[in-house]
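To start, the structure itself, in structure tokens.
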Amino acid sequence: MRRTLLVKESLIKIFIWITAFLVLSFLFLIVGYVLKNGLAHLNPSFFLSNPKRLGKEGGIASIILSTFYLTTLAIIFALPIGVGSAIFLSEYMKESVGKKLLTFLTETLAGIPSIIFGLFGFAFFVTWLKLGFSLLAGGLTLAVMILPTIIKTAEETLKAVPKSYKEASLALGATKKQTILRVLLPAAVPGIITGLILALGRAIGETAALLLTAGSSAKTPTSFLASGRSLAVHLYILATEGISLEMSFATASVLIVLVLIINSLANGLQKRFQKKLA
Amino acid sequence: MESTLKLKEKGKNIYLHQQYFLREKSFTGLLFLTTLLSASIIILIAGFVFSEGYPVIKNGLVKMITGTKWYPLEGVYGVWPMIFGSLMVSLGALLIGIPLGLGTAIFLSELAPPKIADLVRPALQVLAGIPSVVFGFFGMTVVVPLIRNTLGGSGYSALSGSLVLAIMILPTIINIAEDSIRSVPKELKEGSLALGATHWQTISKVVLPAASSGLLTAIILALGRAVGETMAVMMVTGNTPLLPTAETNYSLLKPLLIWLQPVRTLTSNIAIEMGYASGEHASALFACGIILFVLIMVINASATLLIKKKVSR
């Protein structure tokens, strides 16, 4: 009896090890497959030249520039609003129905699928505000998408700052505003940057919402009101229109390398932040 | 002489105080405005999507949801095939993703040596960070040919979508499930072990039941993620706006054969046609957005309710 039980037990444990192993192997399969086929095409000229013949030849210089503009715009809009909201929610509001409602509204935003953000961006920024398919409309849509991430991480970081910092500052006669700007925020900067980097990762990989708001022009953008194509949109068009498998792999590799860099940056910063406050 | 100086000083102090007071107030006001803006965005989104979709919704929501024909050029907007497609692809993803995800969550919380768990967690973070378009690209170049060569057909199918989505929802399932398994009180586990139960008996009969509402939350949130995913699904499911059917004499085989048919999801329907739609057609796509919006809200709300129930217990 006992023996069959133990055999059964070992079998189940082996099965669980296998599931974990399978999950890991999916990750290595995807990352390895893309990098193996793509890294060979990454050379200086790929990064420095613009796409030619619809992207069959040339590189991704203009695409990188558009991606940079889109994510920068998103951060410029989302960071002050997000951090401001986080400070207000954590420092100025007491536990109340109002706070619960505000938190609920911002958190609901996090669960909305990106295609709905795309529809909203198209109806509001592109059509209603008459921005057209443009970097500005795309950047604003991305800003809306990353706002919940920024609010949440900033709020958690502010909560993690030891109370004694705040009390010491107030006891020295500093006002609440001075305490927030000169004590709380500086202590929370690494945590806020971590959240920002995570938000950046989401913005860089976004495709569906940008298709409906920033358009897909592969040209070097000349203004914020010009259409621009992000890396992810470029990969989508290259792959689904059967333009070039090589270029698709190369672009996908760039995206994966960016994700790896962003993850390690965020992890490193988070560790430093926790060490500093410990 | 002396008194006027004092008075001046006093006035200066009052002036300074007023200035500080004003600055404090305006700072608070500014912060309040940013919060109001953040909170109003979800309302703006709902408002704009609803008002754009209303012209088509008002012609009969039920007719639209149950209609099986999507002929946008003739003004016929039945979205049942797309709702069916979304549910089929997502439930398929859960079917594949749940055993793998829960297995890995149990592995990380109960079986893995700490060093191995510390290697697996960052890997999962990378998996969660990979853009959906890269998953779609992987699906197109690996999963679709694999299905075509082993099971036949074009390979662009609901099954391909389910397989790709299953991988994408793994980090969601694993993270939440692991957290809820870890939050089971140690005493429960120790009590079971002390009574002579084996490790697995303890896990399956004590730990997992105690964590069940958290596990269910993990699954529901994963479902929400799957239903809302656009790019990865759109790139591998073939996108035919028809209800998938299959002819076979073996009724057991039928679900699998249907799974091998191309389908179009709600999300793909919007992404594919929004580029060229105008007028009523565009409005119908916004109506699809409303249906998707409500579906996701219901899914996420049930997850939130579950978390609340768990906390109150």
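Labels for the structure tokens follow display order: chains A, B, ..., residues from 1 in each chain, ligands from 1.
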
Which polymer residues have any atom within 6 Å of an atom of segment 101-113 of chain B, counting only C-alpha atoms, with same-chain residues fewer than 4 positions away left out, as JSON, numbers by chain? {"A": [16, 19, 20], "B": [97, 117, 170, 173, 174, 177, 178]}

What's around segment 113-120 of chain A at 10 Å? Count only C-alpha atoms, leave out sequence neighbours fewer than 4 positions away in its own chain, and write the answer as a PyMOL selection string. (chain A and resi 109+124-127+138+141-142+144-145+206-214) or (chain B and resi 42+44-50+52+224-231+266-268+270-271+274+285-286+288-290+292-293+296)

Out of segment 22-269 of chain A, which residues get strand (DSSP E) from DSSP, as a list in words?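 Written out, the strand (DSSP E) residues of segment 22-269 of chain A are Pro51, Lys52, Glu57 and Gly58 of chain A.
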
For the selection you just gave me, I'd like the residues written to a file as a JSON list (two decimals), in the first residue's frame, keeping C-alpha atoms.
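Saved to selection.json:
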[["chain", "number", "residue", "atom", "x", "y", "z"],
["A", 51, "PRO", "CA", 13.53, 50.60, -45.26],
["A", 52, "LYS", "CA", 13.65, 50.29, -49.05],
["A", 57, "GLU", "CA", 15.74, 45.81, -48.26],
["A", 58, "GLY", "CA", 17.48, 48.47, -46.24]]

Top pick for closest residue to chain B, considering A:Phe88, A:His41, A:Arg53, A:Gly195 and counting only C-alpha atoms: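 Smallest separation from chain B among the options: A:Phe88.
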
Residue nearest Ala266 of chain A among A:Val31, A:Leu196, A:Ala174, A:Pro186 (counting only C-alpha atoms):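 Distance minimum relative to Ala266 of chain A lands on A:Leu196.
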
Just give me the gap between atom CA of Ile181 of chain B and atom CA of Val126 of chain B in Å, one decimal is fine.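 Straight-line distance from atom CA of Ile181 of chain B to atom CA of Val126 of chain B works out to 22.2 Å.
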
Which residues in segment 31-182 of chain A does DSSP call helix (DSSP H, G or I)? List them as a PyMOL selection string. chain A and resi 31-41+44-48+53-55+61-92+97-110+114-128+135-160+163-171+176-182

Could you name the residues that touch segment 185-200 of chain B at 9 Å or less, counting only C-alpha atoms, but leaving out those on the same chain fewer than 4 positions away, as a short mmCIF file (atom, residue, chain, number, x, y, z; two decimals) with C-alpha atoms, in the first residue's frame?
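Result file is selection15.cif:
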data_model
loop_
_atom_site.label_atom_id
_atom_site.label_comp_id
_atom_site.auth_asym_id
_atom_site.auth_seq_id
_atom_site.Cartn_x
_atom_site.Cartn_y
_atom_site.Cartn_z
CA LEU A 5 1.45 5.43 -2.73
CA LEU A 6 5.07 6.52 -2.84
CA GLU A 9 3.66 10.39 -5.41
CA SER A 10 6.97 10.35 -7.29
CA ILE A 12 3.06 13.10 -9.87
CA LYS A 13 6.12 15.09 -8.80
CA SER B 204 -3.82 18.19 -3.43
CA LYS B 205 -6.18 17.81 -0.47
CA VAL B 206 -5.21 20.75 1.78
CA VAL B 207 -3.13 23.42 0.03
CA ALA B 210 -7.41 26.37 0.51
#

I want to know what sits within 10 Å of Ile167 of chain B, based on only C-alpha atoms, with residues of the same chain fewer than 6 positions away left out; could you give that as an mmCIF file with N, CA, C and O atoms, in the first residue's frame?
data_model
loop_
_atom_site.group_PDB
_atom_site.id
_atom_site.type_symbol
_atom_site.label_atom_id
_atom_site.label_comp_id
_atom_site.auth_asym_id
_atom_site.auth_seq_id
_atom_site.Cartn_x
_atom_site.Cartn_y
_atom_site.Cartn_z
ATOM 1 N N VAL A 23 7.247 24.786 -19.706
ATOM 2 C CA VAL A 23 6.999 26.223 -19.748
ATOM 3 C C VAL A 23 8.288 26.974 -20.054
ATOM 4 O O VAL A 23 8.329 27.866 -20.906
ATOM 5 N N PHE A 26 9.348 26.603 -23.673
ATOM 6 C CA PHE A 26 8.622 27.470 -24.610
ATOM 7 C C PHE A 26 9.350 28.797 -24.755
ATOM 8 O O PHE A 26 9.542 29.316 -25.850
ATOM 9 N N LEU A 27 9.756 29.354 -23.599
ATOM 10 C CA LEU A 27 10.434 30.646 -23.624
ATOM 11 C C LEU A 27 11.727 30.550 -24.429
ATOM 12 O O LEU A 27 11.975 31.353 -25.331
ATOM 13 N N ALA B 93 -7.205 27.897 -25.281
ATOM 14 C CA ALA B 93 -5.951 28.329 -24.654
ATOM 15 C C ALA B 93 -5.948 27.965 -23.180
ATOM 16 O O ALA B 93 -4.936 27.516 -22.646
ATOM 17 N N LEU B 94 -7.114 28.135 -22.517
ATOM 18 C CA LEU B 94 -7.195 27.780 -21.091
ATOM 19 C C LEU B 94 -6.981 26.275 -20.897
ATOM 20 O O LEU B 94 -6.286 25.842 -19.990
ATOM 21 N N ILE B 96 -5.247 24.263 -22.561
ATOM 22 C CA ILE B 96 -3.830 23.903 -22.649
ATOM 23 C C ILE B 96 -3.030 24.607 -21.553
ATOM 24 O O ILE B 96 -2.119 24.036 -20.963
ATOM 25 N N GLY B 97 -3.391 25.846 -21.278
ATOM 26 C CA GLY B 97 -2.579 26.661 -20.373
ATOM 27 C C GLY B 97 -2.770 26.343 -18.901
ATOM 28 O O GLY B 97 -1.821 26.454 -18.122
ATOM 29 N N LEU B 100 -0.526 23.384 -17.506
ATOM 30 C CA LEU B 100 0.878 23.802 -17.500
ATOM 31 C C LEU B 100 1.115 24.889 -16.455
ATOM 32 O O LEU B 100 2.091 24.868 -15.712
ATOM 33 N N GLY B 101 0.198 25.858 -16.411
ATOM 34 C CA GLY B 101 0.372 26.990 -15.502
ATOM 35 C C GLY B 101 0.263 26.576 -14.044
ATOM 36 O O GLY B 101 1.120 26.922 -13.233
ATOM 37 N N LEU B 127 9.078 36.148 -20.463
ATOM 38 C CA LEU B 127 7.968 35.621 -21.256
ATOM 39 C C LEU B 127 6.799 36.616 -21.257
ATOM 40 O O LEU B 127 6.160 36.847 -22.275
ATOM 41 N N ALA B 128 6.551 37.225 -20.079
ATOM 42 C CA ALA B 128 5.449 38.178 -19.983
ATOM 43 C C ALA B 128 5.750 39.450 -20.770
ATOM 44 O O ALA B 128 4.839 40.147 -21.189
ATOM 45 N N PHE B 135 4.949 36.953 -30.572
ATOM 46 C CA PHE B 135 4.254 35.670 -30.415
ATOM 47 C C PHE B 135 3.534 35.309 -31.708
ATOM 48 O O PHE B 135 3.546 34.160 -32.147
#
